[in-house]
$ cat protein.txt   # compact mmCIF, C-alpha atoms
# COMPACT_ATOMS: atom_id res chain seq x y z
CA MET A 981 123.07 130.11 149.29
CA GLN A 982 125.54 130.47 146.48
CA ALA A 983 124.14 132.23 143.42
CA PRO A 984 123.72 130.02 140.31
CA ARG A 985 126.62 130.28 137.89
CA ALA A 986 126.06 131.75 134.46
CA MET A 987 126.49 129.33 131.59
CA SER A 988 129.55 131.25 130.43
CA ASP A 989 131.18 130.55 133.79
CA TYR A 990 131.06 126.77 133.53
CA ASP A 991 134.31 124.98 132.86
CA GLN A 992 134.54 122.85 129.74
CA ILE A 993 136.33 119.57 129.22
CA ALA A 994 137.83 118.38 125.99
CA TYR A 995 137.34 114.62 126.20
CA VAL A 996 133.54 114.26 125.94
CA SER A 997 130.79 116.06 124.05
CA GLY A 998 127.47 115.40 122.39
CA LYS A 999 129.36 113.86 119.46
CA THR A 1000 131.29 111.38 121.62
CA ARG A 1001 130.70 107.72 120.72
CA LEU A 1002 129.88 105.60 123.76
CA PHE A 1003 131.23 102.20 124.70
CA GLY A 1004 130.66 100.33 127.97
CA ILE A 1005 131.91 97.43 130.04
CA VAL A 1006 129.16 95.36 131.67
CA GLY A 1007 129.81 93.30 134.77
CA HIS A 1008 128.97 92.36 138.35
CA PRO A 1009 130.97 93.50 140.27
CA ILE A 1010 132.48 96.31 138.18
CA GLU A 1011 134.85 98.35 140.39
CA GLN A 1012 137.77 95.99 139.63
CA VAL A 1013 137.89 96.70 135.88
CA ARG A 1014 140.68 98.64 134.14
CA SER A 1015 139.00 98.78 130.71
CA PRO A 1016 137.49 102.29 131.10
CA GLU A 1017 140.83 104.06 131.41
CA MET A 1018 142.89 101.74 129.19
CA ILE A 1019 140.51 101.34 126.23
CA THR A 1020 139.49 105.00 126.33
CA ALA A 1021 143.18 105.96 126.20
CA GLU A 1022 143.76 103.65 123.21
CA MET A 1023 140.76 105.02 121.30
CA THR A 1024 141.73 108.61 122.07
CA SER A 1025 145.33 108.01 120.99
CA ARG A 1026 144.00 106.90 117.59
CA GLY A 1027 142.02 110.10 117.20
CA HIS A 1028 138.58 108.65 117.99
CA ASP A 1029 136.08 110.82 119.89
CA ALA A 1030 135.01 108.00 122.20
CA VAL A 1031 134.81 106.95 125.84
CA LEU A 1032 134.27 103.59 127.54
CA VAL A 1033 132.37 103.65 130.84
CA PRO A 1034 131.68 101.04 133.56
CA MET A 1035 128.14 99.63 133.71
CA HIS A 1036 127.18 97.71 136.85
CA VAL A 1037 124.38 95.29 135.89
CA LEU A 1038 122.93 92.66 138.22
CA PRO A 1039 122.61 89.13 136.78
CA GLU A 1040 118.82 89.19 137.15
CA ASP A 1041 118.65 92.42 135.11
CA PHE A 1042 121.08 91.43 132.36
CA ASP A 1043 118.55 90.16 129.81
CA THR A 1044 116.51 93.35 130.18
CA VAL A 1045 119.27 95.95 130.34
CA VAL A 1046 121.52 94.80 127.49
CA PRO A 1047 118.86 94.81 124.72
CA ALA A 1048 117.90 98.33 125.79
CA LEU A 1049 121.54 99.47 125.64
CA LEU A 1050 121.97 98.01 122.15
CA ARG A 1051 119.17 100.28 120.89
CA MET A 1052 121.22 103.42 121.69
CA ARG A 1053 122.26 104.93 118.36
CA ASN A 1054 125.55 106.33 119.68
CA LEU A 1055 126.65 103.07 121.32
CA GLY A 1056 129.60 101.62 119.42
CA GLY A 1057 130.17 98.48 121.46
CA LEU A 1058 130.19 96.68 124.78
CA VAL A 1059 132.81 94.74 126.72
CA PHE A 1060 131.64 91.94 129.03
CA THR A 1061 133.31 90.74 132.19
CA ILE A 1062 132.33 88.47 135.10
CA PRO A 1063 129.81 86.79 135.00
CA PHE A 1064 128.34 87.58 131.57
CA LYS A 1065 130.72 86.29 128.88
CA ALA A 1066 128.64 83.23 128.01
CA ARG A 1067 125.25 84.93 128.29
CA ALA A 1068 126.37 87.80 126.05
CA CYS A 1069 126.62 85.44 123.04
CA ALA A 1070 122.83 85.61 122.72
CA PHE A 1071 123.07 89.23 121.53
CA ALA A 1072 125.56 88.64 118.72
CA GLY A 1073 124.23 88.18 115.21
CA GLU A 1074 127.69 87.01 114.11
CA LEU A 1075 130.49 85.34 116.09
CA GLY A 1076 134.23 85.19 115.48
CA ALA A 1077 135.87 81.79 115.01
CA GLN A 1078 137.17 81.41 118.58
CA ALA A 1079 133.88 82.63 120.04
CA ARG A 1080 132.02 80.02 117.99
CA ALA A 1081 134.40 77.31 119.20
CA ILE A 1082 134.11 78.00 122.93
CA GLY A 1083 130.71 79.72 123.22
CA VAL A 1084 131.77 82.92 125.03
CA ILE A 1085 132.48 86.52 124.05
CA ASN A 1086 133.87 89.54 125.83
CA ALA A 1087 133.10 92.16 123.18
CA LEU A 1088 130.18 93.22 120.97
CA ALA A 1089 130.74 95.69 118.14
CA ARG A 1090 128.17 97.42 115.96
CA GLY A 1091 128.76 96.64 112.29
CA ALA A 1092 128.26 98.97 109.33
CA ASP A 1093 124.88 97.34 108.75
CA GLY A 1094 123.79 98.05 112.34
CA GLY A 1095 124.09 94.40 113.39
CA TRP A 1096 126.16 93.19 116.33
CA ARG A 1097 129.31 91.07 116.02
CA GLY A 1098 130.78 89.21 118.99
CA ASP A 1099 134.24 87.86 119.72
CA ILE A 1100 136.54 86.94 122.59
CA PHE A 1101 139.94 88.55 123.26
CA ASP A 1102 140.98 87.30 126.73
CA GLY A 1103 142.97 84.38 125.34
CA ILE A 1104 144.68 86.53 122.74
CA GLY A 1105 145.64 88.98 125.49
CA CYS A 1106 147.03 86.26 127.75
CA VAL A 1107 149.21 84.73 125.03
CA GLU A 1108 150.38 88.19 123.95
CA ALA A 1109 151.37 89.02 127.54
CA PHE A 1110 153.59 85.93 127.66
CA ARG A 1111 155.02 86.72 124.21
CA ARG A 1112 155.88 90.29 125.20
CA ARG A 1113 157.73 88.96 128.24
CA GLY A 1114 159.63 86.40 126.15
CA ILE A 1115 158.10 83.50 128.09
CA PRO A 1116 157.35 80.53 125.81
CA LEU A 1117 154.24 78.40 126.20
CA ALA A 1118 155.20 75.83 123.58
CA GLY A 1119 156.48 72.64 125.15
CA ARG A 1120 155.53 73.72 128.68
CA ARG A 1121 153.27 71.88 131.13
CA ALA A 1122 150.44 74.22 132.13
CA LEU A 1123 147.65 74.14 134.70
CA LEU A 1124 144.61 76.39 134.17
CA ILE A 1125 142.32 77.05 137.14
CA GLY A 1126 138.86 78.18 136.03
CA ALA A 1127 136.73 77.12 133.06
CA GLY A 1128 134.40 80.13 132.86
CA GLY A 1129 134.40 82.82 130.20
CA ALA A 1130 137.98 84.04 130.64
CA GLY A 1131 139.23 80.51 131.29
CA SER A 1132 137.61 79.22 128.11
CA ALA A 1133 139.32 81.85 125.98
CA ILE A 1134 142.67 81.31 127.69
CA ALA A 1135 142.43 77.54 127.27
CA ALA A 1136 141.76 77.86 123.55
CA ALA A 1137 144.58 80.35 122.98
CA VAL A 1138 147.15 78.51 125.11
CA ALA A 1139 146.29 75.16 123.50
CA SER A 1140 147.01 76.65 120.09
CA GLU A 1141 150.55 77.55 121.28
CA GLY A 1142 151.54 73.87 121.50
CA PRO A 1143 152.11 73.24 125.22
CA ALA A 1144 153.39 69.80 126.23
CA SER A 1145 150.20 69.51 128.28
CA LEU A 1146 147.33 71.71 129.47
CA ALA A 1147 145.38 70.57 132.52
CA VAL A 1148 142.07 72.34 133.25
CA HIS A 1149 140.53 72.41 136.72
CA ASP A 1150 137.24 73.96 137.80
CA VAL A 1151 135.09 73.53 140.91
CA ASP A 1152 132.42 72.43 138.43
CA ALA A 1153 133.94 69.25 136.98
CA ALA A 1154 131.33 69.04 134.22
CA ARG A 1155 132.18 72.57 133.08
CA ALA A 1156 135.89 71.71 132.98
CA GLN A 1157 135.19 68.61 130.88
CA ALA A 1158 132.94 70.56 128.51
CA LEU A 1159 135.72 73.12 127.97
CA VAL A 1160 138.31 70.41 127.34
CA ASP A 1161 136.00 68.82 124.76
CA LYS A 1162 135.42 72.18 123.00
CA VAL A 1163 139.11 73.01 122.79
CA ALA A 1164 140.01 69.50 121.62
CA ARG A 1165 137.51 69.82 118.76
CA ALA A 1166 138.71 73.31 117.84
CA THR A 1167 142.43 72.44 118.06
CA PRO A 1168 143.01 68.86 116.86
CA GLY A 1169 146.10 67.37 118.47
CA ALA A 1170 146.00 69.67 121.49
CA ARG A 1171 147.22 67.91 124.62
CA ILE A 1172 144.46 69.08 126.93
CA ALA A 1173 142.65 67.22 129.70
CA VAL A 1174 140.80 67.77 132.96
CA GLY A 1175 143.36 67.91 135.76
CA LYS A 1176 143.74 68.17 139.51
CA PRO A 1177 144.64 71.44 141.28
CA THR A 1178 148.21 70.38 141.99
CA LEU A 1179 151.53 71.96 141.03
CA GLU A 1180 153.34 68.65 140.67
CA GLY A 1181 154.97 68.54 137.25
CA ILE A 1182 153.73 72.02 136.28
CA ASP A 1183 155.75 74.76 134.53
CA VAL A 1184 153.00 77.39 134.12
CA LEU A 1185 150.09 78.16 136.46
CA LEU A 1186 147.20 80.21 135.07
CA ASN A 1187 144.40 81.56 137.27
CA ALA A 1188 141.21 82.51 135.40
CA THR A 1189 138.88 82.54 138.42
CA PRO A 1190 137.71 85.60 140.40
CA VAL A 1191 139.30 84.17 143.57
CA GLY A 1192 141.61 86.88 144.91
CA MET A 1193 139.74 89.79 143.32
CA LEU A 1194 139.42 93.10 145.18
CA ASP A 1195 139.64 92.35 148.92
CA ASP A 1196 139.31 88.56 148.62
CA PRO A 1197 142.32 87.10 150.49
CA ARG A 1198 141.88 83.55 149.17
CA LEU A 1199 144.08 81.58 146.79
CA PRO A 1200 142.59 79.72 143.79
CA LEU A 1201 144.27 76.48 144.91
CA ALA A 1202 145.31 75.13 148.29
CA VAL A 1203 149.08 75.62 148.42
CA GLU A 1204 151.45 77.23 150.90
CA SER A 1205 154.33 77.63 148.45
CA ILE A 1206 155.01 77.49 144.72
CA PRO A 1207 158.19 76.03 143.19
CA PRO A 1208 160.37 78.94 142.03
CA GLY A 1209 160.61 77.60 138.48
CA VAL A 1210 156.85 77.93 137.90
CA VAL A 1211 155.60 80.93 135.91
CA VAL A 1212 152.42 82.25 137.56
CA PHE A 1213 149.74 84.22 135.71
CA ASP A 1214 146.61 85.78 137.22
CA ALA A 1215 143.87 87.20 134.96
CA ILE A 1216 142.60 89.49 137.76
CA VAL A 1217 143.41 93.16 137.12
CA LYS A 1218 142.49 94.63 140.50
CA PRO A 1219 144.38 94.30 142.69
CA GLU A 1220 147.39 94.07 140.40
CA ARG A 1221 149.25 92.08 143.06
CA THR A 1222 146.72 89.41 143.93
CA PRO A 1223 147.21 86.99 146.84
CA LEU A 1224 148.37 84.36 144.31
CA LEU A 1225 150.90 86.69 142.70
CA ALA A 1226 152.11 87.89 146.11
CA LEU A 1227 152.77 84.28 147.15
CA ALA A 1228 154.49 83.57 143.84
CA GLN A 1229 156.78 86.57 144.26
CA ARG A 1230 157.71 85.49 147.79
CA CYS A 1231 158.62 82.08 146.39
CA GLY A 1232 160.84 83.55 143.69
CA CYS A 1233 158.54 82.79 140.75
CA THR A 1234 158.22 84.79 137.54
CA ILE A 1235 154.78 86.41 137.48
CA VAL A 1236 152.56 87.75 134.69
CA GLN A 1237 149.86 90.19 135.81
CA GLY A 1238 146.29 90.62 134.64
CA ARG A 1239 146.99 94.16 133.44
CA GLU A 1240 149.57 92.68 131.04
CA MET A 1241 146.85 90.50 129.54
CA MET A 1242 144.61 93.55 129.34
CA ARG A 1243 147.26 95.51 127.48
CA GLY A 1244 147.78 92.58 125.13
CA GLN A 1245 144.16 92.58 124.01
CA ILE A 1246 143.32 96.31 123.97
CA ALA A 1247 144.68 97.09 120.51
CA ARG A 1248 142.90 94.09 119.00
CA MET A 1249 139.65 95.01 120.74
CA VAL A 1250 139.74 98.61 119.48
CA ASP A 1251 140.46 97.28 115.97
CA PHE A 1252 137.34 95.14 116.39
CA PHE A 1253 135.20 98.06 117.54
CA TYR A 1254 136.20 100.20 114.56
CA GLY A 1255 136.17 97.46 111.92

$ encode --input "protein.txt" --output "structure tokens"
Amino acid sequence: MQAPRAMSDYDQIAYVSGKTRLFGIVGHPIEQVRSPEMITAEMTSRGHDAVLVPMHVLPEDFDTVVPALLRMRNLGGLVFTIPFKARACAFAGELGAQARAIGVINALARGADGGWRGDIFDGIGCVEAFRRRGIPLAGRRALLIGAGGAGSAIAAAVASEGPASLAVHDVDAARAQALVDKVARATPGARIAVGKPTLEGIDVLLNATPVGMLDDPRLPLAVESIPPGVVVFDAIVKPERTPLLALAQRCGCTIVQGREMMRGQIARMVDFFYG
């Protein structure tokens, strides 16, 4: 047996200590997320002694685990991913304007008074990714697949950009209609409606479903090709080249990746965490 090492022999690391402020991302599954490395890097670059870690929580444990986490005194905030963005609203004492409009959040931040504020940044990140690439959404005909947490935020943000039309499709037709109604109330004049999963007459295709995540080989809609003039966005961050984006590239389409959306929202999310 190897002799125990003396305390003075142990290596030290510079990026975490007893003073480090903790943040977490809660989801099921969790191995696909990029937030731990990207948000930690952003916080560190600003001089914050902080780290964001992945937290794998089962849906049946969510309502027990999250309240316990929020009692940790050195917890600065939580990020929520699939499938918890709607359920997480219950833990926010205050909601941002977009979160109030669509009923989902993807971040909780501890305020100066110790209370928890919630808001949603997926839509902001998606629109920012298009803006950084110089791809306009105004006047374009868009199809959004998925009306869950990420889809709700993306629908609200894209609708505010003034597209010629925004069609929303979800396997749950009632959920798609509910999202359309919420966005229409929040953005008067928005040309948004429930639509069919077809690329006919579409300029921009947005996937906000988990179909194609990790090792899932499926496509979010039944097509064998995509017209080369269509811009294709996928909110999935792992893999970066999803089956949908791979097909789009083969067809000569312009693609926007999920990591670009993630980069678009990171700065705003860190601002939110630190007030």

$ atom_distance --input "protein.txt" --atom1 "atom CA of Gly1129 of chain A" --atom2 "atom CA of Leu1225 of chain A"
21.1 Å

$ closest_residue --input "protein.txt" --among "A:Ile993, A:Val1013, A:Ile1100, A:Thr1044" --to "Met1249 of chain A" --atoms "all atoms listed in the file"
A:Ile1100

$ closest_residue --input "protein.txt" --among "A:Met1023, A:Val1191, A:Ile1134, A:Leu1201" --to "Lys1218 of chain A" --atoms "all atoms listed in the file"
A:Val1191

$ closest_residue --input "protein.txt" --among "A:Ala1166, A:Ala1139, A:Cys1106, A:Ala1122" --to "Gly1083 of chain A" --atoms "all atoms listed in the file"
A:Ala1166

$ residues_near_point --input "protein.txt" --point "(141.1, 71.8, 126.6)" --cutoff "8 Å" --atoms "only C-alpha atoms" --output "list in words"
Ala1135, Ala1136, Ala1139, Leu1146, Ala1147, Val1148, Gln1157, Leu1159, Val1160, Asp1161, Lys1162, Val1163, Ala1164, Ala1170, Arg1171, Ile1172, Ala1173 and Val1174 of chain A

$ residues_around --input "protein.txt" --residues "Thr1000 of chain A" --least-positions-apart "3" --cutoff "7 Å" --atoms "all atoms listed in the file" --output "ChimeraX atom specification"
/A:996-997,1029-1030

$ write_last_selection --input "protein.txt" --atoms "C-alpha atoms" --output "PDB file, in the coordinates of the input"
ATOM      1  CA  VAL A 996     133.540 114.260 125.940  1.00  0.00           C
ATOM      2  CA  SER A 997     130.790 116.060 124.050  1.00  0.00           C
ATOM      3  CA  ASP A1029     136.080 110.820 119.890  1.00  0.00           C
ATOM      4  CA  ALA A1030     135.010 108.000 122.200  1.00  0.00           C
TER       5      ALA A1030
END

$ residues_around --input "protein.txt" --residues "Phe1003 of chain A" --least-positions-apart "2" --cutoff "12 Å" --atoms "all atoms listed in the file" --output "ChimeraX atom specification"
/A:1000-1001,1005-1006,1015-1017,1019-1020,1023,1028-1035,1049-1050,1052-1060,1087-1090,1249-1250,1253-1254

$ atom_distance --input "protein.txt" --atom1 "atom CA of Gly1098 of chain A" --atom2 "atom CA of Thr1189 of chain A"
22.1 Å

$ closest_residue --input "protein.txt" --among "A:Leu1185, A:Ala1077, A:Met1018, A:Ala994" --to "Arg1097 of chain A" --atoms "all atoms listed in the file"
A:Ala1077

$ residues_around --input "protein.txt" --residues "Val1138 of chain A" --least-positions-apart "6" --cutoff "8 Å" --atoms "only C-alpha atoms" --output "list in words"
Gly1103, Val1107 and Leu1117 of chain A

$ atom_distance --input "protein.txt" --atom1 "atom CA of Leu1002 of chain A" --atom2 "atom CA of Ala1021 of chain A"
13.5 Å

$ residues_around --input "protein.txt" --residues "Val1084 of chain A" --least-positions-apart "5" --cutoff "9 Å" --atoms "only C-alpha atoms" --output "MDAnalysis selection string"
chainID A and resid 1064:1069 1078:1079 1098:1100 1128:1130 1132:1133

$ residues_near_point --input "protein.txt" --point "(143.3, 72.7, 137.6)" --cutoff "8 Å" --atoms "all atoms listed in the file" --output "PyMOL selection string"
chain A and resi 1123-1126+1147-1150+1174-1178

$ closest_residue --input "protein.txt" --among "A:Gly1232, A:Glu1040, A:Gly1131, A:Glu1141" --to "Ile1085 of chain A" --atoms "all atoms listed in the file"
A:Gly1131

$ residues_around --input "protein.txt" --residues "Met1193 of chain A" --least-positions-apart "5" --cutoff "8 Å" --atoms "only C-alpha atoms" --output "ChimeraX atom specification"
/A:1012,1216-1219,1222

$ closest_residue --input "protein.txt" --among "A:Gln1245, A:Gln1229, A:Thr1167, A:Ser1205" --to "Leu1179 of chain A" --atoms "all atoms listed in the file"
A:Ser1205
